[in-house]
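Listing of data.json; format and content: JSON, C-alpha atoms (C1' of nucleotides).
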```json
[["chain", "number", "residue", "atom", "x", "y", "z"],
["N", 1, "MET", "CA", -2.08, -4.33, 1.85],
["N", 2, "THR", "CA", -3.33, -7.45, 3.48],
["N", 3, "THR", "CA", -5.27, -6.19, 6.44],
["N", 4, "SER", "CA", -8.88, -5.94, 5.44],
["N", 5, "ARG", "CA", -10.83, -2.89, 6.45],
["N", 6, "SER", "CA", -13.85, -4.99, 7.40],
["N", 7, "GLY", "CA", -11.58, -7.31, 9.28],
["N", 8, "GLY", "CA", -13.34, -7.68, 12.59],
["N", 9, "PRO", "CA", -12.30, -7.08, 16.18],
["N", 10, "ASP", "CA", -8.55, -7.74, 16.13],
["N", 11, "GLN", "CA", -7.61, -4.24, 15.00],
["N", 12, "ARG", "CA", -8.19, -2.85, 18.47],
["N", 13, "ARG", "CA", -4.83, -4.24, 19.59],
["N", 14, "GLY", "CA", -2.76, -1.68, 17.76],
["N", 15, "GLU", "CA", -3.80, 1.12, 20.08],
["N", 16, "ARG", "CA", -1.13, 0.53, 22.67],
["N", 17, "GLY", "CA", 1.89, 2.08, 21.05],
["N", 18, "ASP", "CA", 3.62, -1.16, 20.14],
["N", 19, "LEU", "CA", 5.23, -0.22, 16.88],
["N", 20, "LEU", "CA", 6.57, -3.68, 16.32],
["N", 21, "ASP", "CA", 3.12, -5.15, 16.35],
["N", 22, "PRO", "CA", 2.12, -5.93, 12.77],
["N", 23, "LEU", "CA", -1.12, -4.18, 13.59],
["N", 24, "CYS", "CA", 0.67, -1.07, 14.78],
["N", 25, "PRO", "CA", -0.94, 2.28, 13.98],
["N", 26, "THR", "CA", 1.62, 3.09, 11.31],
["N", 27, "ARG", "CA", 0.94, -0.11, 9.42],
["N", 28, "ARG", "CA", -2.77, 0.48, 9.61],
["N", 29, "LEU", "CA", -2.40, 4.08, 8.50],
["N", 30, "LEU", "CA", -0.38, 2.94, 5.50],
["N", 31, "ASP", "CA", -3.07, 0.40, 4.71],
["N", 32, "ARG", "CA", -5.31, 3.39, 4.27],
["N", 33, "ILE", "CA", -3.22, 6.07, 2.56],
["N", 34, "GLY", "CA", -1.25, 3.41, 0.71],
["N", 35, "THR", "CA", -4.22, 2.45, -1.40],
["N", 36, "LYS", "CA", -3.81, 3.56, -4.94],
["N", 37, "TRP", "CA", -5.82, 6.76, -4.95],
["N", 38, "THR", "CA", -6.19, 7.87, -1.36],
["N", 39, "SER", "CA", -3.13, 10.10, -1.17],
["N", 40, "MET", "CA", -4.02, 11.79, -4.42],
["N", 41, "VAL", "CA", -7.59, 12.45, -3.36],
["N", 42, "VAL", "CA", -6.42, 13.84, -0.03],
["N", 43, "LYS", "CA", -3.93, 16.05, -1.81],
["N", 44, "VAL", "CA", -6.51, 17.43, -4.23],
["N", 45, "LEU", "CA", -8.95, 18.10, -1.42],
["N", 46, "ALA", "CA", -6.19, 19.73, 0.61],
["N", 47, "GLU", "CA", -5.28, 22.04, -2.26],
["N", 48, "HIS", "CA", -8.86, 23.29, -2.34],
["N", 49, "ALA", "CA", -9.36, 23.48, 1.42],
["N", 50, "PRO", "CA", -11.27, 24.86, 3.12],
["N", 51, "GLY", "CA", -13.45, 24.79, 0.02],
["N", 52, "GLU", "CA", -15.43, 21.81, -1.15],
["N", 53, "LEU", "CA", -15.28, 19.72, -4.27],
["N", 54, "ARG", "CA", -18.00, 17.78, -6.00],
["N", 55, "PHE", "CA", -17.72, 14.18, -7.08],
["N", 56, "ALA", "CA", -17.31, 15.02, -10.74],
["N", 57, "GLU", "CA", -14.75, 17.71, -9.96],
["N", 58, "LEU", "CA", -12.69, 15.24, -7.99],
["N", 59, "ARG", "CA", -12.85, 12.85, -10.91],
["N", 60, "ARG", "CA", -11.46, 15.47, -13.22],
["N", 61, "LEU", "CA", -8.78, 16.51, -10.77],
["N", 62, "ALA", "CA", -7.60, 12.94, -10.20],
["N", 63, "PRO", "CA", -6.91, 11.80, -13.74],
["N", 64, "GLY", "CA", -7.13, 8.10, -14.30],
["N", 65, "ILE", "CA", -9.27, 7.26, -11.32],
["N", 66, "SER", "CA", -12.30, 5.13, -12.05],
["N", 67, "GLN", "CA", -15.66, 6.20, -10.79],
["N", 68, "LYS", "CA", -15.85, 3.12, -8.62],
["N", 69, "MET", "CA", -12.50, 3.70, -6.96],
["N", 70, "LEU", "CA", -13.26, 7.36, -6.31],
["N", 71, "SER", "CA", -16.48, 6.29, -4.66],
["N", 72, "VAL", "CA", -14.81, 3.59, -2.59],
["N", 73, "THR", "CA", -11.93, 5.87, -1.64],
["N", 74, "LEU", "CA", -14.24, 8.65, -0.53],
["N", 75, "GLN", "CA", -16.38, 6.26, 1.49],
["N", 76, "SER", "CA", -13.31, 4.96, 3.25],
["N", 77, "LEU", "CA", -12.06, 8.45, 3.97],
["N", 78, "ALA", "CA", -15.50, 9.49, 5.19],
["N", 79, "ARG", "CA", -15.76, 6.53, 7.55],
["N", 80, "ASP", "CA", -12.34, 7.35, 8.92],
["N", 81, "GLY", "CA", -13.53, 10.89, 9.54],
["N", 82, "LEU", "CA", -10.90, 12.36, 7.25],
["N", 83, "VAL", "CA", -13.38, 13.86, 4.80],
["N", 84, "ALA", "CA", -16.88, 15.21, 5.28],
["N", 85, "ARG", "CA", -19.74, 14.62, 2.88],
["N", 86, "ARG", "CA", -22.43, 17.20, 2.29],
["N", 87, "VAL", "CA", -25.41, 16.31, 0.13],
["N", 88, "GLU", "CA", -27.38, 19.03, -1.54],
["N", 89, "PRO", "CA", -30.93, 17.64, -1.76],
["N", 90, "THR", "CA", -31.58, 18.75, -5.32],
["N", 91, "VAL", "CA", -32.33, 16.62, -8.31],
["N", 92, "PRO", "CA", -30.04, 15.53, -9.61],
["N", 93, "PRO", "CA", -28.20, 15.50, -6.29],
["N", 94, "ALA", "CA", -25.02, 17.47, -5.70],
["N", 95, "VAL", "CA", -22.54, 16.00, -3.24],
["N", 96, "HIS", "CA", -19.71, 18.05, -1.82],
["N", 97, "TYR", "CA", -16.57, 16.79, -0.17],
["N", 98, "ARG", "CA", -14.03, 18.52, 2.02],
["N", 99, "LEU", "CA", -11.26, 17.53, 4.39],
["N", 100, "THR", "CA", -12.11, 17.55, 8.07],
["N", 101, "ALA", "CA", -9.73, 18.98, 10.65],
["N", 102, "LEU", "CA", -8.39, 15.48, 11.09],
["N", 103, "GLY", "CA", -7.87, 15.15, 7.36],
["N", 104, "LEU", "CA", -6.10, 18.48, 7.21],
["N", 105, "SER", "CA", -3.81, 17.44, 10.04],
["N", 106, "LEU", "CA", -2.81, 14.42, 8.02],
["N", 107, "GLU", "CA", -1.82, 16.69, 5.17],
["N", 108, "GLU", "CA", 1.22, 17.86, 7.07],
["N", 109, "PRO", "CA", 3.15, 14.58, 7.38],
["N", 110, "LEU", "CA", 1.80, 13.62, 3.98],
["N", 111, "ALA", "CA", 3.25, 16.77, 2.45],
["N", 112, "ALA", "CA", 6.59, 15.93, 4.04],
["N", 113, "LEU", "CA", 6.45, 12.53, 2.42],
["N", 114, "ARG", "CA", 5.60, 14.13, -0.91],
["N", 115, "GLY", "CA", 8.52, 16.46, -0.58],
["N", 116, "TRP", "CA", 10.83, 13.55, 0.04],
["N", 117, "ALA", "CA", 9.38, 11.68, -2.91],
["N", 118, "GLU", "CA", 9.85, 14.57, -5.31],
["N", 119, "THR", "CA", 13.39, 15.09, -4.09],
["N", 120, "HIS", "CA", 14.61, 11.53, -3.90],
["N", 121, "MET", "CA", 12.58, 9.34, -6.23],
["N", 122, "PRO", "CA", 14.81, 10.19, -9.19],
["N", 123, "GLU", "CA", 17.75, 8.88, -7.19],
["N", 124, "ILE", "CA", 15.84, 5.71, -6.37],
["N", 125, "ASP", "CA", 15.08, 5.35, -10.06],
["N", 126, "ARG", "CA", 18.74, 5.73, -10.90],
["N", 127, "ASN", "CA", 19.63, 3.12, -8.32],
["N", 128, "ASN", "CA", 17.21, 0.74, -9.97],
["N", 129, "GLN", "CA", 18.84, 1.38, -13.33],
["N", 130, "LEU", "CA", 22.22, 0.42, -11.94],
["N", 131, "ALA", "CA", 20.83, -2.73, -10.43],
["N", 132, "GLY", "CA", 19.39, -4.82, -13.20],
["N", 133, "GLU", "CA", 15.66, -4.50, -13.55],
["N", 134, "SER", "CA", 16.38, -4.85, -17.22],
["N", 135, "SER", "CA", 13.88, -6.85, -19.25],
["N", 136, "PRO", "CA", 12.44, -9.84, -17.44],
["N", 137, "ALA", "CA", 9.28, -9.58, -19.52],
["T", 1, "MET", "CA", -0.65, -1.34, -4.86],
["T", 2, "THR", "CA", -1.11, -2.04, -8.52],
["T", 3, "THR", "CA", 2.06, -0.73, -10.08],
["T", 4, "SER", "CA", 4.48, -3.60, -10.41],
["T", 5, "ARG", "CA", 8.09, -3.08, -9.46],
["T", 6, "SER", "CA", 9.31, -4.98, -12.50],
["T", 7, "GLY", "CA", 6.84, -3.14, -14.64],
["T", 8, "GLY", "CA", 8.98, -1.91, -17.48],
["T", 9, "PRO", "CA", 9.83, 1.48, -18.83],
["T", 10, "ASP", "CA", 6.69, 3.52, -18.08],
["T", 11, "GLN", "CA", 7.81, 4.49, -14.58],
["T", 12, "ARG", "CA", 10.21, 7.03, -15.97],
["T", 13, "ARG", "CA", 7.36, 9.41, -16.64],
["T", 14, "GLY", "CA", 6.82, 10.30, -13.01],
["T", 15, "GLU", "CA", 10.06, 12.20, -12.78],
["T", 16, "ARG", "CA", 8.70, 15.52, -13.94],
["T", 17, "GLY", "CA", 6.99, 16.77, -10.82],
["T", 18, "ASP", "CA", 3.43, 16.22, -11.99],
["T", 19, "LEU", "CA", 1.77, 15.24, -8.77],
["T", 20, "LEU", "CA", -1.53, 14.57, -10.45],
["T", 21, "ASP", "CA", 0.01, 11.96, -12.67],
["T", 22, "PRO", "CA", -0.96, 8.53, -11.37],
["T", 23, "LEU", "CA", 2.70, 7.68, -11.69],
["T", 24, "CYS", "CA", 3.74, 10.66, -9.60],
["T", 25, "PRO", "CA", 6.69, 10.18, -7.26],
["T", 26, "THR", "CA", 4.47, 10.11, -4.20],
["T", 27, "ARG", "CA", 2.36, 7.30, -5.54],
["T", 28, "ARG", "CA", 5.43, 5.33, -6.47],
["T", 29, "LEU", "CA", 7.02, 5.95, -3.09],
["T", 30, "LEU", "CA", 3.87, 4.69, -1.40],
["T", 31, "ASP", "CA", 3.96, 1.64, -3.63],
["T", 32, "ARG", "CA", 7.26, 0.90, -1.94],
["T", 33, "ILE", "CA", 6.85, 1.85, 1.70],
["T", 34, "GLY", "CA", 3.19, 0.87, 1.59],
["T", 35, "THR", "CA", 4.03, -2.80, 1.20],
["T", 36, "LYS", "CA", 3.24, -4.72, 4.30],
["T", 37, "TRP", "CA", 6.64, -4.90, 5.96],
["T", 38, "THR", "CA", 8.78, -2.19, 4.41],
["T", 39, "SER", "CA", 8.02, 0.56, 6.90],
["T", 40, "MET", "CA", 8.62, -1.76, 9.82],
["T", 41, "VAL", "CA", 11.93, -2.99, 8.46],
["T", 42, "VAL", "CA", 13.05, 0.57, 7.81],
["T", 43, "LYS", "CA", 12.05, 1.56, 11.30],
["T", 44, "VAL", "CA", 13.92, -1.33, 12.92],
["T", 45, "LEU", "CA", 17.01, -0.58, 10.88],
["T", 46, "ALA", "CA", 16.72, 3.10, 11.73],
["T", 47, "GLU", "CA", 16.54, 2.36, 15.43],
["T", 48, "HIS", "CA", 19.81, 0.51, 15.20],
["T", 49, "ALA", "CA", 21.56, 2.94, 12.88],
["T", 50, "PRO", "CA", 24.34, 3.43, 12.17],
["T", 51, "GLY", "CA", 24.81, -0.15, 13.31],
["T", 52, "GLU", "CA", 24.01, -3.18, 11.25],
["T", 53, "LEU", "CA", 21.57, -6.02, 11.70],
["T", 54, "ARG", "CA", 21.75, -9.56, 10.46],
["T", 55, "PHE", "CA", 18.99, -11.33, 8.64],
["T", 56, "ALA", "CA", 17.98, -13.43, 11.62],
["T", 57, "GLU", "CA", 18.05, -10.42, 13.91],
["T", 58, "LEU", "CA", 15.73, -8.55, 11.62],
["T", 59, "ARG", "CA", 13.39, -11.51, 11.64],
["T", 60, "ARG", "CA", 13.24, -11.45, 15.41],
["T", 61, "LEU", "CA", 12.78, -7.70, 15.53],
["T", 62, "ALA", "CA", 9.95, -7.75, 13.02],
["T", 63, "PRO", "CA", 7.58, -10.24, 14.59],
["T", 64, "GLY", "CA", 5.29, -12.00, 12.18],
["T", 65, "ILE", "CA", 7.30, -11.45, 9.03],
["T", 66, "SER", "CA", 7.96, -14.54, 6.96],
["T", 67, "GLN", "CA", 11.45, -15.35, 5.80],
["T", 68, "LYS", "CA", 10.39, -14.88, 2.20],
["T", 69, "MET", "CA", 8.89, -11.44, 2.75],
["T", 70, "LEU", "CA", 11.90, -10.25, 4.74],
["T", 71, "SER", "CA", 14.09, -11.40, 1.90],
["T", 72, "VAL", "CA", 11.94, -9.78, -0.75],
["T", 73, "THR", "CA", 11.57, -6.57, 1.26],
["T", 74, "LEU", "CA", 15.31, -6.28, 1.81],
["T", 75, "GLN", "CA", 16.05, -6.93, -1.84],
["T", 76, "SER", "CA", 13.64, -4.23, -2.86],
["T", 77, "LEU", "CA", 15.12, -1.78, -0.38],
["T", 78, "ALA", "CA", 18.63, -2.69, -1.52],
["T", 79, "ARG", "CA", 17.78, -2.13, -5.17],
["T", 80, "ASP", "CA", 16.30, 1.22, -4.28],
["T", 81, "GLY", "CA", 19.52, 2.07, -2.52],
["T", 82, "LEU", "CA", 17.78, 2.55, 0.82],
["T", 83, "VAL", "CA", 19.65, -0.24, 2.57],
["T", 84, "ALA", "CA", 23.14, -1.61, 2.09],
["T", 85, "ARG", "CA", 24.02, -5.30, 2.19],
["T", 86, "ARG", "CA", 27.33, -6.56, 3.51],
["T", 87, "VAL", "CA", 28.17, -10.22, 3.18],
["T", 88, "GLU", "CA", 30.67, -11.78, 5.52],
["T", 89, "PRO", "CA", 32.27, -14.57, 3.47],
["T", 90, "THR", "CA", 32.23, -17.14, 6.24],
["T", 91, "VAL", "CA", 30.44, -20.45, 6.29],
["T", 92, "PRO", "CA", 27.69, -20.30, 7.05],
["T", 93, "PRO", "CA", 27.52, -16.79, 5.60],
["T", 94, "ALA", "CA", 26.63, -13.79, 7.74],
["T", 95, "VAL", "CA", 24.79, -10.96, 5.99],
["T", 96, "HIS", "CA", 24.52, -7.53, 7.54],
["T", 97, "TYR", "CA", 22.06, -4.81, 6.64],
["T", 98, "ARG", "CA", 22.02, -1.12, 7.40],
["T", 99, "LEU", "CA", 20.25, 1.97, 6.15],
["T", 100, "THR", "CA", 22.10, 4.09, 3.63],
["T", 101, "ALA", "CA", 22.14, 7.86, 3.86],
["T", 102, "LEU", "CA", 19.18, 7.86, 1.52],
["T", 103, "GLY", "CA", 17.35, 5.42, 3.75],
["T", 104, "LEU", "CA", 18.08, 7.48, 6.81],
["T", 105, "SER", "CA", 16.77, 10.58, 5.09],
["T", 106, "LEU", "CA", 13.51, 8.76, 4.49],
["T", 107, "GLU", "CA", 13.27, 8.06, 8.19],
["T", 108, "GLU", "CA", 12.44, 11.68, 8.86],
["T", 109, "PRO", "CA", 9.15, 12.02, 6.98],
["T", 110, "LEU", "CA", 8.40, 8.44, 7.93],
["T", 111, "ALA", "CA", 8.78, 9.26, 11.61],
["T", 112, "ALA", "CA", 6.42, 12.19, 11.13],
["T", 113, "LEU", "CA", 3.88, 9.82, 9.66],
["T", 114, "ARG", "CA", 4.37, 7.44, 12.57],
["T", 115, "GLY", "CA", 3.82, 10.25, 14.99],
["T", 116, "TRP", "CA", 0.58, 11.16, 13.30],
["T", 117, "ALA", "CA", -0.51, 7.55, 13.28],
["T", 118, "GLU", "CA", 0.14, 7.06, 16.98],
["T", 119, "THR", "CA", -1.66, 10.26, 17.79],
["T", 120, "HIS", "CA", -4.65, 9.99, 15.53],
["T", 121, "MET", "CA", -5.33, 6.36, 14.70],
["T", 122, "PRO", "CA", -7.38, 5.89, 17.87],
["T", 123, "GLU", "CA", -9.63, 8.70, 16.68],
["T", 124, "ILE", "CA", -9.95, 7.06, 13.28],
["T", 125, "ASP", "CA", -10.83, 3.83, 15.02],
["T", 126, "ARG", "CA", -13.50, 5.60, 17.03],
["T", 127, "ASN", "CA", -14.88, 7.14, 13.86],
["T", 128, "ASN", "CA", -15.17, 3.69, 12.38],
["T", 129, "GLN", "CA", -17.04, 2.49, 15.44],
["T", 130, "LEU", "CA", -19.60, 5.26, 15.00],
["T", 131, "ALA", "CA", -20.03, 4.42, 11.37],
["T", 132, "GLY", "CA", -21.22, 0.84, 11.14],
["T", 133, "GLU", "CA", -18.48, -1.61, 10.45],
["T", 134, "SER", "CA", -20.41, -3.77, 12.87],
["T", 135, "SER", "CA", -20.35, -7.50, 12.24],
["T", 136, "PRO", "CA", -20.57, -8.43, 8.58],
["T", 137, "ALA", "CA", -18.69, -11.67, 9.27],
["R", 1, "DC", "C1'", 22.54, -19.00, 8.36],
["R", 2, "DA", "C1'", 20.48, -16.82, 4.59],
["R", 3, "DG", "C1'", 18.35, -17.35, 1.17],
["R", 4, "DA", "C1'", 15.73, -19.21, -3.63],
["R", 5, "DA", "C1'", 11.81, -21.66, -5.70],
["R", 6, "DT", "C1'", 7.19, -23.09, -5.92],
["R", 7, "DC", "C1'", 2.37, -23.18, -4.94],
["R", 8, "DC", "C1'", -1.71, -20.96, -3.59],
["R", 9, "DA", "C1'", -5.39, -17.84, -1.37],
["R", 10, "DC", "C1'", -7.23, -13.52, -1.16],
["R", 11, "DG", "C1'", -8.20, -8.85, -1.89],
["R", 12, "DA", "C1'", -7.35, -4.41, -4.60],
["R", 13, "DG", "C1'", -8.91, -2.42, -8.26],
["R", 14, "DG", "C1'", -10.32, -1.97, -13.47],
["R", 15, "DA", "C1'", -14.33, -2.41, -16.92],
["R", 16, "DT", "C1'", -18.91, -2.41, -17.63],
["R", 17, "DA", "C1'", -23.82, -1.90, -16.85],
["R", 18, "DC", "C1'", -27.59, -0.25, -14.18],
["R", 19, "DT", "C1'", -30.27, 3.28, -10.88],
["R", 20, "DG", "C1'", -32.50, 7.15, -7.85],
["Z", 1, "DC", "C1'", -25.11, 13.71, -11.18],
["Z", 2, "DA", "C1'", -23.50, 10.48, -8.10],
["Z", 3, "DG", "C1'", -23.34, 6.67, -7.20],
["Z", 4, "DT", "C1'", -24.22, 0.90, -6.72],
["Z", 5, "DA", "C1'", -23.63, -3.91, -8.45],
["Z", 6, "DT", "C1'", -21.18, -7.52, -10.81],
["Z", 7, "DC", "C1'", -17.52, -9.76, -13.01],
["Z", 8, "DC", "C1'", -12.76, -10.61, -13.62],
["Z", 9, "DT", "C1'", -7.69, -10.02, -13.57],
["Z", 10, "DC", "C1'", -3.48, -9.88, -11.34],
["Z", 11, "DG", "C1'", -0.26, -8.77, -7.73],
["Z", 12, "DT", "C1'", 0.76, -9.28, -2.73],
["Z", 13, "DG", "C1'", 2.16, -12.10, 0.50],
["Z", 14, "DG", "C1'", 1.76, -16.57, 3.38],
["Z", 15, "DA", "C1'", 3.32, -21.63, 3.78],
["Z", 16, "DT", "C1'", 6.35, -24.94, 2.51],
["Z", 17, "DT", "C1'", 10.37, -27.12, 0.64],
["Z", 18, "DC", "C1'", 15.09, -27.16, -0.96],
["Z", 19, "DT", "C1'", 20.13, -25.34, -1.26],
["Z", 20, "DG", "C1'", 25.16, -23.28, -0.84]]
```
Target encoding structure tokens, full file:
Amino acid sequence: MTTSRSGGPDQRRGERGDLLDPLCPTRRLLDRIGTKWTSMVVKVLAEHAPGELRFAELRRLAPGISQKMLSVTLQSLARDGLVARRVEPTVPPAVHYRLTALGLSLEEPLAALRGWAETHMPEIDRNNQLAGESSPA
Amino acid sequence: MTTSRSGGPDQRRGERGDLLDPLCPTRRLLDRIGTKWTSMVVKVLAEHAPGELRFAELRRLAPGISQKMLSVTLQSLARDGLVARRVEPTVPPAVHYRLTALGLSLEEPLAALRGWAETHMPEIDRNNQLAGESSPA
DNA sequence: CAGAATCCACGAGGATACTG
DNA sequence: CAGTATCCTCGTGGATTCTG
């Protein structure tokens, strides 16, 4: 996770399908969904699609997330066009979030990855047992 | 990417399929393949499967990667059981890497994610143009 | 050739406090 | 309620140097 989101004009290069470019689309996608909470937020929103969720509801549904990181994550997803924000102009304000069509389309490969993770992470864990990750602390 | 690889015994919790747990398998998988070079290395190895690649070859095929990060990335993948290491006991030594069956199985969802990235990252980039990520530098 | 070791910069993200 | 602002910690990863 080195590539900064605000990182200027160089990111345009990745658009030609050069997958070996460090700025290839896959790398840049992983810079997004690889952040700590993004995949969870997307998943929660996907489970409630096409309905909407409010900020506080998302907080409850993503246990452990800080209010700052939920805010930052949602802003990032909104700027990417993966989620849509709808503000109810009441006081206090009520803000609703939902996945866009683009966001929903991402759910498919993401679900595949989740499936793999649920199936094979235990095996990866076992492999790490066999190798020594014993007690370096 | 907060969760440390060497981080002790807490990672065992994610094994029961609680996807809302911050330590859920998906999050932990993304902690692995989300590191800067892992997905690229896996892809390069996958393209040459079932053949093997040497350290120096991998360096050439993954432009921009430092020798340290290639080493670290390969070690991590080896400990996870996603790649296999074969050392030719010559001098100087020749080390060959290839994806294991487990690693190859990961290639499938990973390829799906790549496909999505190639298709939709341009749209995400356009969305970011519309929103102002103008010139904060 | 294939690394291990060391040093260091930077950015993700947690905790806390404040606001419209 | 739904954020924003600030401070601070710590892990990722780059550069460099040394070794079997």
If I take CA of Arg79 (chain T) and CA of Leu30 (chain N), how far is one from the other in Å, to one decimal? 21.7 Å
Please superimpose chain T upon chain N, fitting all C-alpha atoms matched one to one in order, and report the result as a short mmCIF file (atom, residue, chain, number, x, y, z; two decimals) with C-alpha atoms, in the frame of the given file.
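Done, and the output landed in superposed_34.cif:
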```cif
data_model
loop_
_atom_site.label_atom_id
_atom_site.label_comp_id
_atom_site.auth_asym_id
_atom_site.auth_seq_id
_atom_site.Cartn_x
_atom_site.Cartn_y
_atom_site.Cartn_z
CA MET T 1 -2.00 -4.32 1.91
CA THR T 2 -3.32 -7.45 3.52
CA THR T 3 -5.29 -6.17 6.46
CA SER T 4 -8.90 -5.86 5.42
CA ARG T 5 -10.84 -2.79 6.39
CA SER T 6 -13.89 -4.83 7.32
CA GLY T 7 -11.70 -7.27 9.13
CA GLY T 8 -13.41 -7.57 12.47
CA PRO T 9 -12.38 -6.89 16.01
CA ASP T 10 -8.63 -7.62 15.96
CA GLN T 11 -7.67 -4.11 14.87
CA ARG T 12 -8.28 -2.78 18.33
CA ARG T 13 -5.00 -4.23 19.50
CA GLY T 14 -2.86 -1.68 17.72
CA GLU T 15 -3.92 1.12 20.01
CA ARG T 16 -1.29 0.55 22.64
CA GLY T 17 1.74 2.13 21.05
CA ASP T 18 3.55 -1.08 20.20
CA LEU T 19 5.20 -0.14 16.96
CA LEU T 20 6.59 -3.59 16.43
CA ASP T 21 3.14 -5.09 16.45
CA PRO T 22 2.15 -5.90 12.87
CA LEU T 23 -1.09 -4.15 13.67
CA CYS T 24 0.69 -1.03 14.86
CA PRO T 25 -0.93 2.31 14.04
CA THR T 26 1.63 3.10 11.37
CA ARG T 27 0.95 -0.09 9.50
CA ARG T 28 -2.76 0.49 9.68
CA LEU T 29 -2.39 4.09 8.56
CA LEU T 30 -0.36 2.93 5.58
CA ASP T 31 -3.05 0.39 4.80
CA ARG T 32 -5.30 3.38 4.32
CA ILE T 33 -3.21 6.04 2.62
CA GLY T 34 -1.24 3.38 0.78
CA THR T 35 -4.23 2.41 -1.33
CA LYS T 36 -3.82 3.50 -4.87
CA TRP T 37 -5.81 6.72 -4.90
CA THR T 38 -6.18 7.83 -1.30
CA SER T 39 -3.12 10.05 -1.12
CA MET T 40 -4.01 11.74 -4.39
CA VAL T 41 -7.58 12.40 -3.33
CA VAL T 42 -6.40 13.81 -0.02
CA LYS T 43 -3.92 16.01 -1.79
CA VAL T 44 -6.50 17.36 -4.24
CA LEU T 45 -8.92 18.06 -1.42
CA ALA T 46 -6.16 19.71 0.58
CA GLU T 47 -5.26 21.99 -2.29
CA HIS T 48 -8.81 23.24 -2.39
CA ALA T 49 -9.33 23.47 1.36
CA PRO T 50 -11.25 24.84 3.07
CA GLY T 51 -13.41 24.76 -0.04
CA GLU T 52 -15.39 21.79 -1.20
CA LEU T 53 -15.25 19.67 -4.31
CA ARG T 54 -17.98 17.72 -6.01
CA PHE T 55 -17.70 14.13 -7.07
CA ALA T 56 -17.29 14.94 -10.74
CA GLU T 57 -14.72 17.61 -9.98
CA LEU T 58 -12.67 15.17 -8.00
CA ARG T 59 -12.82 12.76 -10.90
CA ARG T 60 -11.43 15.37 -13.23
CA LEU T 61 -8.75 16.41 -10.78
CA ALA T 62 -7.59 12.86 -10.20
CA PRO T 63 -6.91 11.69 -13.73
CA GLY T 64 -7.16 7.98 -14.25
CA ILE T 65 -9.30 7.15 -11.25
CA SER T 66 -12.37 5.06 -11.97
CA GLN T 67 -15.74 6.12 -10.68
CA LYS T 68 -15.89 3.05 -8.47
CA MET T 69 -12.52 3.66 -6.85
CA LEU T 70 -13.27 7.33 -6.23
CA SER T 71 -16.49 6.27 -4.58
CA VAL T 72 -14.83 3.59 -2.49
CA THR T 73 -11.92 5.86 -1.56
CA LEU T 74 -14.23 8.66 -0.46
CA GLN T 75 -16.37 6.29 1.57
CA SER T 76 -13.32 4.97 3.33
CA LEU T 77 -12.04 8.47 4.04
CA ALA T 78 -15.49 9.52 5.26
CA ARG T 79 -15.75 6.57 7.63
CA ASP T 80 -12.33 7.40 8.98
CA GLY T 81 -13.52 10.93 9.57
CA LEU T 82 -10.87 12.40 7.27
CA VAL T 83 -13.35 13.88 4.82
CA ALA T 84 -16.84 15.24 5.29
CA ARG T 85 -19.71 14.63 2.88
CA ARG T 86 -22.42 17.20 2.26
CA VAL T 87 -25.38 16.27 0.13
CA GLU T 88 -27.35 18.97 -1.60
CA PRO T 89 -30.90 17.57 -1.80
CA THR T 90 -31.53 18.68 -5.36
CA VAL T 91 -32.28 16.51 -8.35
CA PRO T 92 -29.97 15.40 -9.62
CA PRO T 93 -28.17 15.43 -6.27
CA ALA T 94 -24.97 17.40 -5.74
CA VAL T 95 -22.49 15.95 -3.25
CA HIS T 96 -19.67 18.02 -1.85
CA TYR T 97 -16.54 16.76 -0.16
CA ARG T 98 -13.98 18.50 1.99
CA LEU T 99 -11.22 17.53 4.39
CA THR T 100 -12.07 17.58 8.07
CA ALA T 101 -9.70 19.02 10.63
CA LEU T 102 -8.36 15.52 11.10
CA GLY T 103 -7.82 15.17 7.37
CA LEU T 104 -6.06 18.49 7.20
CA SER T 105 -3.78 17.48 10.04
CA LEU T 106 -2.78 14.43 8.03
CA GLU T 107 -1.81 16.69 5.17
CA GLU T 108 1.24 17.86 7.07
CA PRO T 109 3.17 14.60 7.38
CA LEU T 110 1.81 13.63 3.99
CA ALA T 111 3.27 16.76 2.43
CA ALA T 112 6.60 15.93 4.04
CA LEU T 113 6.47 12.53 2.42
CA ARG T 114 5.61 14.12 -0.92
CA GLY T 115 8.54 16.43 -0.58
CA TRP T 116 10.86 13.53 0.04
CA ALA T 117 9.40 11.65 -2.89
CA GLU T 118 9.86 14.53 -5.31
CA THR T 119 13.39 15.05 -4.12
CA HIS T 120 14.61 11.50 -3.90
CA MET T 121 12.58 9.29 -6.21
CA PRO T 122 14.80 10.13 -9.18
CA GLU T 123 17.75 8.82 -7.18
CA ILE T 124 15.84 5.65 -6.36
CA ASP T 125 15.05 5.28 -10.03
CA ARG T 126 18.71 5.65 -10.89
CA ASN T 127 19.60 3.05 -8.29
CA ASN T 128 17.18 0.67 -9.93
CA GLN T 129 18.79 1.30 -13.30
CA LEU T 130 22.18 0.33 -11.89
CA ALA T 131 20.77 -2.81 -10.39
CA GLY T 132 19.33 -4.89 -13.20
CA GLU T 133 15.64 -4.50 -13.62
CA SER T 134 16.48 -4.68 -17.29
CA SER T 135 13.93 -6.33 -19.55
CA PRO T 136 12.30 -9.38 -18.03
CA ALA T 137 9.19 -8.80 -20.15
#
```
Which residues of chain N are close to chain Z, meaning at most 7 Å apart when you count all atoms listed in the file, and how do they look as a list of chain:residue names?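 Listing them in order of chain and number gives N:Phe55, N:Pro92, N:Pro93, N:Ala94.
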Report the distance between CA of Met121 (chain N) and CA of Pro25 (chain T) in Å, rounded to one decimal place.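 Pair CA of Met121 (chain N) / CA of Pro25 (chain T) returns 6.0 Å.
One finds CA of Gly103 (chain T) at 9.3 Å from CA of Ala84 (chain T).
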Name the residues within 9 Å of (22.0, -9.2, 3.9), counting only C-alpha atoms (C1' of nucleotides) in the file's coordinates, and put them as a VMD selection string. (chain T and resid 53 to 55 71 74 to 75 84 to 87 94 to 98) or (chain R and resid 2)
